[in-house]
>>> print(open('target-v8.txt').read())   # compact mmCIF, C-alpha atoms
# COMPACT_ATOMS: atom_id res chain seq x y z
CA MET A 1 -42.04 45.79 -10.29
CA ASN A 2 -41.04 45.30 -13.90
CA GLU A 3 -41.98 42.23 -15.96
CA ARG A 4 -38.74 40.43 -15.22
CA GLU A 5 -39.13 40.93 -11.47
CA ILE A 6 -42.75 39.73 -11.61
CA ASP A 7 -41.63 36.62 -13.49
CA GLN A 8 -38.83 35.98 -11.00
CA GLU A 9 -41.28 36.24 -8.11
CA LEU A 10 -43.63 33.74 -9.83
CA VAL A 11 -40.67 31.42 -10.49
CA LYS A 12 -39.60 31.64 -6.85
CA ARG A 13 -43.10 30.70 -5.69
CA ALA A 14 -43.32 27.87 -8.24
CA GLN A 15 -39.94 26.56 -7.06
CA ALA A 16 -41.37 26.54 -3.53
CA GLY A 17 -44.20 24.28 -4.77
CA ASP A 18 -46.91 26.78 -5.73
CA LYS A 19 -48.29 25.30 -8.95
CA GLN A 20 -50.63 28.25 -9.55
CA SER A 21 -47.62 30.54 -9.99
CA PHE A 22 -46.28 28.31 -12.75
CA ASP A 23 -49.76 28.21 -14.32
CA ARG A 24 -49.66 32.01 -14.47
CA LEU A 25 -46.32 31.89 -16.30
CA VAL A 26 -47.80 29.36 -18.76
CA GLU A 27 -50.82 31.62 -19.37
CA LYS A 28 -48.56 34.63 -19.83
CA TYR A 29 -46.21 33.04 -22.38
CA GLN A 30 -48.34 30.38 -24.09
CA ARG A 31 -49.22 32.46 -27.14
CA LYS A 32 -45.77 34.02 -27.44
CA LEU A 33 -44.09 30.60 -27.30
CA GLY A 34 -46.65 29.24 -29.78
CA ARG A 35 -45.82 32.03 -32.26
CA LEU A 36 -42.13 31.28 -31.88
CA LEU A 37 -42.58 27.53 -32.36
CA SER A 38 -44.80 28.03 -35.41
CA ARG A 39 -41.69 29.30 -37.22
CA PHE A 40 -40.26 25.79 -36.90
CA VAL A 41 -43.29 23.52 -36.70
CA ARG A 42 -45.99 24.36 -39.24
CA ASP A 43 -48.96 22.26 -38.13
CA HIS A 44 -51.07 24.07 -35.48
CA ALA A 45 -51.85 20.89 -33.50
CA GLU A 46 -48.15 19.95 -33.50
CA VAL A 47 -47.22 23.46 -32.30
CA GLU A 48 -49.53 22.96 -29.30
CA ASP A 49 -47.94 19.59 -28.56
CA VAL A 50 -44.41 20.98 -28.77
CA ALA A 51 -45.36 24.01 -26.63
CA GLN A 52 -46.88 21.72 -24.01
CA GLU A 53 -43.76 19.56 -24.00
CA ALA A 54 -41.57 22.68 -23.65
CA PHE A 55 -43.59 23.85 -20.63
CA ILE A 56 -43.36 20.38 -19.06
CA LYS A 57 -39.57 20.41 -19.55
CA ALA A 58 -39.41 23.94 -18.10
CA TYR A 59 -41.43 22.85 -15.06
CA ARG A 60 -39.14 19.86 -14.47
CA ALA A 61 -36.05 22.05 -14.91
CA LEU A 62 -37.42 24.84 -12.72
CA PRO A 63 -35.31 23.90 -9.66
CA SER A 64 -32.18 24.60 -11.76
CA PHE A 65 -33.39 28.06 -12.93
CA ARG A 66 -31.20 30.64 -11.18
CA GLY A 67 -32.66 33.84 -12.62
CA GLU A 68 -29.41 34.79 -14.39
CA SER A 69 -31.46 35.42 -17.54
CA ALA A 70 -35.08 36.52 -17.95
CA PHE A 71 -37.56 33.65 -17.53
CA TYR A 72 -38.76 33.99 -21.14
CA THR A 73 -35.17 33.91 -22.47
CA TRP A 74 -34.70 30.63 -20.58
CA LEU A 75 -38.07 29.31 -21.79
CA TYR A 76 -37.18 30.42 -25.34
CA ARG A 77 -34.07 28.19 -25.31
CA ILE A 78 -36.08 25.23 -24.04
CA GLY A 79 -38.75 25.84 -26.70
CA ILE A 80 -36.23 26.03 -29.56
CA ASN A 81 -34.45 22.86 -28.41
CA THR A 82 -37.78 21.03 -28.00
CA ALA A 83 -38.86 22.06 -31.52
CA LYS A 84 -35.52 20.99 -33.04
CA ASN A 85 -35.64 17.63 -31.25
CA TYR A 86 -39.26 17.18 -32.39
CA LEU A 87 -38.35 17.82 -36.04
CA VAL A 88 -35.36 15.47 -35.85
CA ALA A 89 -37.57 12.75 -34.31
CA LYS A 90 -40.05 13.24 -37.18
CA GLY A 91 -37.23 13.11 -39.74
CA ARG A 92 -37.90 16.70 -40.76
CA ARG A 93 -36.06 20.02 -40.71
CA ALA A 94 -37.44 23.53 -40.34
CA PRO A 95 -39.41 24.39 -43.51
CA THR A 96 -38.06 27.10 -45.81
CA SER A 97 -41.24 29.14 -46.34
CA THR A 98 -44.63 29.87 -44.82
CA ASP A 99 -47.62 31.96 -45.72
CA PHE A 100 -47.49 35.54 -44.49
CA ASP A 101 -49.03 36.07 -41.07
CA ALA A 102 -50.47 39.26 -39.64
CA ASP A 103 -48.01 39.41 -36.75
CA GLN A 104 -45.11 39.67 -39.19
CA ALA A 105 -46.83 42.44 -41.11
CA GLU A 106 -46.48 44.65 -38.03
CA SER A 107 -42.68 44.32 -38.27
CA PHE A 108 -42.52 46.25 -41.55
CA ASP A 109 -42.37 49.97 -42.21
CA ASP A 110 -44.53 49.03 -45.19
CA ALA A 111 -47.17 47.33 -43.03
CA ASP A 112 -49.83 49.80 -44.14
CA GLN A 113 -49.44 48.43 -47.66
CA LEU A 114 -50.43 45.02 -46.35
CA ARG A 115 -53.49 46.00 -44.33
CA ASP A 116 -55.77 46.85 -47.26
CA ASN A 117 -56.03 43.34 -48.64
CA ASN A 118 -59.41 43.65 -50.35
CA THR A 119 -58.30 43.17 -53.95
CA PRO A 120 -56.85 40.03 -55.57
CA GLU A 121 -53.73 42.10 -56.38
CA ARG A 122 -53.29 43.01 -52.70
CA LEU A 123 -53.82 39.40 -51.62
CA LEU A 124 -51.25 38.21 -54.14
CA GLN A 125 -48.81 40.92 -53.05
CA SER A 126 -49.21 39.88 -49.39
CA LYS A 127 -48.56 36.25 -50.23
CA GLN A 128 -45.52 37.13 -52.34
CA LEU A 129 -44.20 39.38 -49.58
CA GLY A 130 -44.61 36.62 -47.01
CA GLN A 131 -42.86 34.06 -49.17
CA THR A 132 -40.07 36.52 -49.98
CA VAL A 133 -39.54 37.48 -46.33
CA ASN A 134 -39.47 33.85 -45.22
CA ALA A 135 -37.13 32.82 -48.04
CA ALA A 136 -34.83 35.76 -47.22
CA MET A 137 -34.89 34.85 -43.51
CA GLU A 138 -34.10 31.19 -44.23
CA ALA A 139 -31.19 32.20 -46.49
CA LEU A 140 -29.54 34.21 -43.71
CA PRO A 141 -26.59 32.71 -41.80
CA GLU A 142 -27.86 31.23 -38.53
CA GLU A 143 -26.45 33.96 -36.24
CA LEU A 144 -28.10 36.72 -38.33
CA ARG A 145 -31.41 34.86 -38.53
CA ASN A 146 -31.46 34.20 -34.78
CA ALA A 147 -30.71 37.85 -34.01
CA ILE A 148 -33.45 39.22 -36.28
CA VAL A 149 -36.04 36.69 -35.04
CA LEU A 150 -35.28 37.56 -31.41
CA ARG A 151 -35.61 41.27 -32.19
CA GLU A 152 -38.46 41.49 -34.72
CA ILE A 153 -40.57 38.45 -33.89
CA GLU A 154 -39.90 37.96 -30.19
CA GLY A 155 -39.47 41.63 -29.31
CA LEU A 156 -36.40 41.10 -27.11
CA SER A 157 -34.22 44.09 -26.25
CA TYR A 158 -30.65 44.33 -27.57
CA GLU A 159 -29.41 43.53 -24.04
CA GLU A 160 -31.55 40.39 -23.86
CA ILE A 161 -30.40 39.29 -27.32
CA ALA A 162 -26.75 39.83 -26.32
CA GLU A 163 -27.38 37.66 -23.25
CA GLU A 164 -29.23 35.02 -25.28
CA MET A 165 -26.57 34.88 -28.02
CA ASN A 166 -23.66 35.29 -25.60
CA CYS A 167 -22.04 38.16 -27.51
CA PRO A 168 -21.51 41.94 -27.11
CA ILE A 169 -24.36 44.36 -27.87
CA GLY A 170 -22.32 45.85 -30.72
CA THR A 171 -22.25 42.44 -32.40
CA VAL A 172 -26.02 42.11 -31.93
CA ARG A 173 -26.61 45.52 -33.57
CA SER A 174 -24.34 44.60 -36.46
CA ARG A 175 -26.09 41.24 -37.01
CA ILE A 176 -29.55 42.80 -36.94
CA PHE A 177 -28.45 45.55 -39.32
CA ARG A 178 -26.98 43.02 -41.78
CA ALA A 179 -30.09 40.82 -41.55
CA ARG A 180 -32.39 43.79 -42.23
CA GLU A 181 -30.24 44.83 -45.19
CA ALA A 182 -30.45 41.34 -46.69
CA VAL A 183 -34.24 41.10 -46.25
CA ALA A 184 -34.80 44.66 -47.54
CA GLU A 185 -32.73 43.83 -50.64
CA LYS A 186 -35.02 40.87 -51.42
CA LEU A 187 -38.16 42.94 -50.78
CA LYS A 188 -37.09 45.85 -52.96
CA PRO A 189 -38.41 44.50 -56.29
CA LEU A 190 -41.81 43.72 -54.70
CA LEU A 191 -42.24 46.98 -52.82
CA ASP A 192 -40.45 49.16 -55.38
CA THR A 193 -38.72 50.97 -52.53
CA ALA A 194 -35.65 53.15 -52.47
CA THR A 195 -32.27 51.54 -51.80
CA ASP A 196 -32.06 52.97 -48.28
CA HIS A 197 -35.52 51.75 -47.18
CA ARG A 198 -35.54 49.55 -44.08
CA TRP A 199 -38.11 47.03 -42.91
>>> encode(input="target-v8.txt", output="structure tokens")
Amino acid sequence: MNEREIDQELVKRAQAGDKQSFDRLVEKYQRKLGRLLSRFVRDHAEVEDVAQEAFIKAYRALPSFRGESAFYTWLYRIGINTAKNYLVAKGRRAPTSTDFDADQAESFDDADQLRDNNTPERLLQSKQLGQTVNAAMEALPEELRNAIVLREIEGLSYEEIAEEMNCPIGTVRSRIFRAREAVAEKLKPLLDTATDHRW
């Protein structure tokens, strides 16, 4: 059984009233959802609250889940909507920059440059990189930003992104390519890379 089939089996059991099956889904996706939500909601305690609310909404909506998309794709949508509603209720919008986090470092070809952070210069470079990446991401049009987040941060396949964004795979590839180009362009002065370097 692949991951999607395992999830669907757990969902089926949870829909039949087996709460332990839903608990297993929560355990499986808690951290992943938390990482996603932390891109919108900056305070760690608030992220936990929003994640909990998203799981509660997912549990209540479980009878309507038909398995047409992967469970995490469905949960992802609920999480994003919950975070947006939370920010609106607080009179806030998604912040434009965050400090660099280790998970993002793994998304770069230049990640090895970020791992040796012993010197003040390295620490400053990491911080500047993080701010530059986040600023570049925020400046992207929404469809490009969503595509690159789903691919680089959430690790979804092109097929899953096409399903999530309701567009052809070719469009997904084009959006991700354009997003990477835009981010690489902003990173170039910091990394001193060649024009054709990709992150």
>>> closest_residue(input="target-v8.txt", among="A:Phe71, A:Glu53, A:Tyr76, A:Glu46", to="Lys12 in chain A", atoms="all atoms listed in the file")
A:Phe71
>>> closest_residue(input="target-v8.txt", among="A:Ile169, A:Ile153, A:Val133, A:Val47", to="Ala182 in chain A", atoms="all atoms listed in the file")
A:Val133
>>> closest_residue(input="target-v8.txt", among="A:Lys127, A:Lys84, A:Arg180, A:Arg35", to="Arg145 in chain A", atoms="all atoms listed in the file")
A:Arg180
>>> atom_distance(input="target-v8.txt", atom1="CA of Leu129 in chain A", atom2="CA of Ala51 in chain A")
27.6 Å
>>> closest_residue(input="target-v8.txt", among="A:Tyr158, A:Phe65, A:Tyr72, A:Tyr86", to="Gln30 in chain A", atoms="all atoms listed in the file")
A:Tyr72
>>> residues_near_point(input="target-v8.txt", point="(-38.8, 38.3, -48.3)", cutoff="10 Å", atoms="all atoms listed in the file", output="list in words")
Ser97, Phe100, Gln128, Leu129, Gly130, Gln131, Thr132, Val133, Asn134, Ala135, Ala136, Met137, Glu138, Ala139, Ala182, Val183, Ala184, Glu185, Lys186, Leu187, Lys188 and Leu190 of chain A
>>> residues_around(input="target-v8.txt", residues="Arg24 in chain A", least_positions_apart="3", cutoff="12 Å", atoms="all atoms listed in the file", output="number ranges by chain")
A: 6-7, 9-11, 13-14, 18-21, 27-30, 55
>>> write_last_selection(input="target-v8.txt", atoms="C-alpha atoms", output="compact mmCIF listing (two decimals), in the frame of the given file")
# COMPACT_ATOMS: atom_id res chain seq x y z
CA ILE A 6 -42.75 39.73 -11.61
CA ASP A 7 -41.63 36.62 -13.49
CA GLU A 9 -41.28 36.24 -8.11
CA LEU A 10 -43.63 33.74 -9.83
CA VAL A 11 -40.67 31.42 -10.49
CA ARG A 13 -43.10 30.70 -5.69
CA ALA A 14 -43.32 27.87 -8.24
CA ASP A 18 -46.91 26.78 -5.73
CA LYS A 19 -48.29 25.30 -8.95
CA GLN A 20 -50.63 28.25 -9.55
CA SER A 21 -47.62 30.54 -9.99
CA GLU A 27 -50.82 31.62 -19.37
CA LYS A 28 -48.56 34.63 -19.83
CA TYR A 29 -46.21 33.04 -22.38
CA GLN A 30 -48.34 30.38 -24.09
CA PHE A 55 -43.59 23.85 -20.63
>>> closest_residue(input="target-v8.txt", among="A:Ala147, A:Leu36, A:Ile56, A:Val50", to="Phe22 in chain A", atoms="all atoms listed in the file")
A:Ile56
>>> residues_around(input="target-v8.txt", residues="Ala179 in chain A", least_positions_apart="6", cutoff="7 Å", atoms="only C-alpha atoms", output="count of residues only")
4
>>> atom_distance(input="target-v8.txt", atom1="CA of Ala89 in chain A", atom2="CA of Asn166 in chain A")
27.9 Å
>>> atom_distance(input="target-v8.txt", atom1="CA of Lys57 in chain A", atom2="CA of Pro141 in chain A")
28.5 Å
>>> closest_residue(input="target-v8.txt", among="A:Ala70, A:Asp43, A:Leu62, A:Lys32", to="Glu3 in chain A", atoms="only C-alpha atoms")
A:Ala70
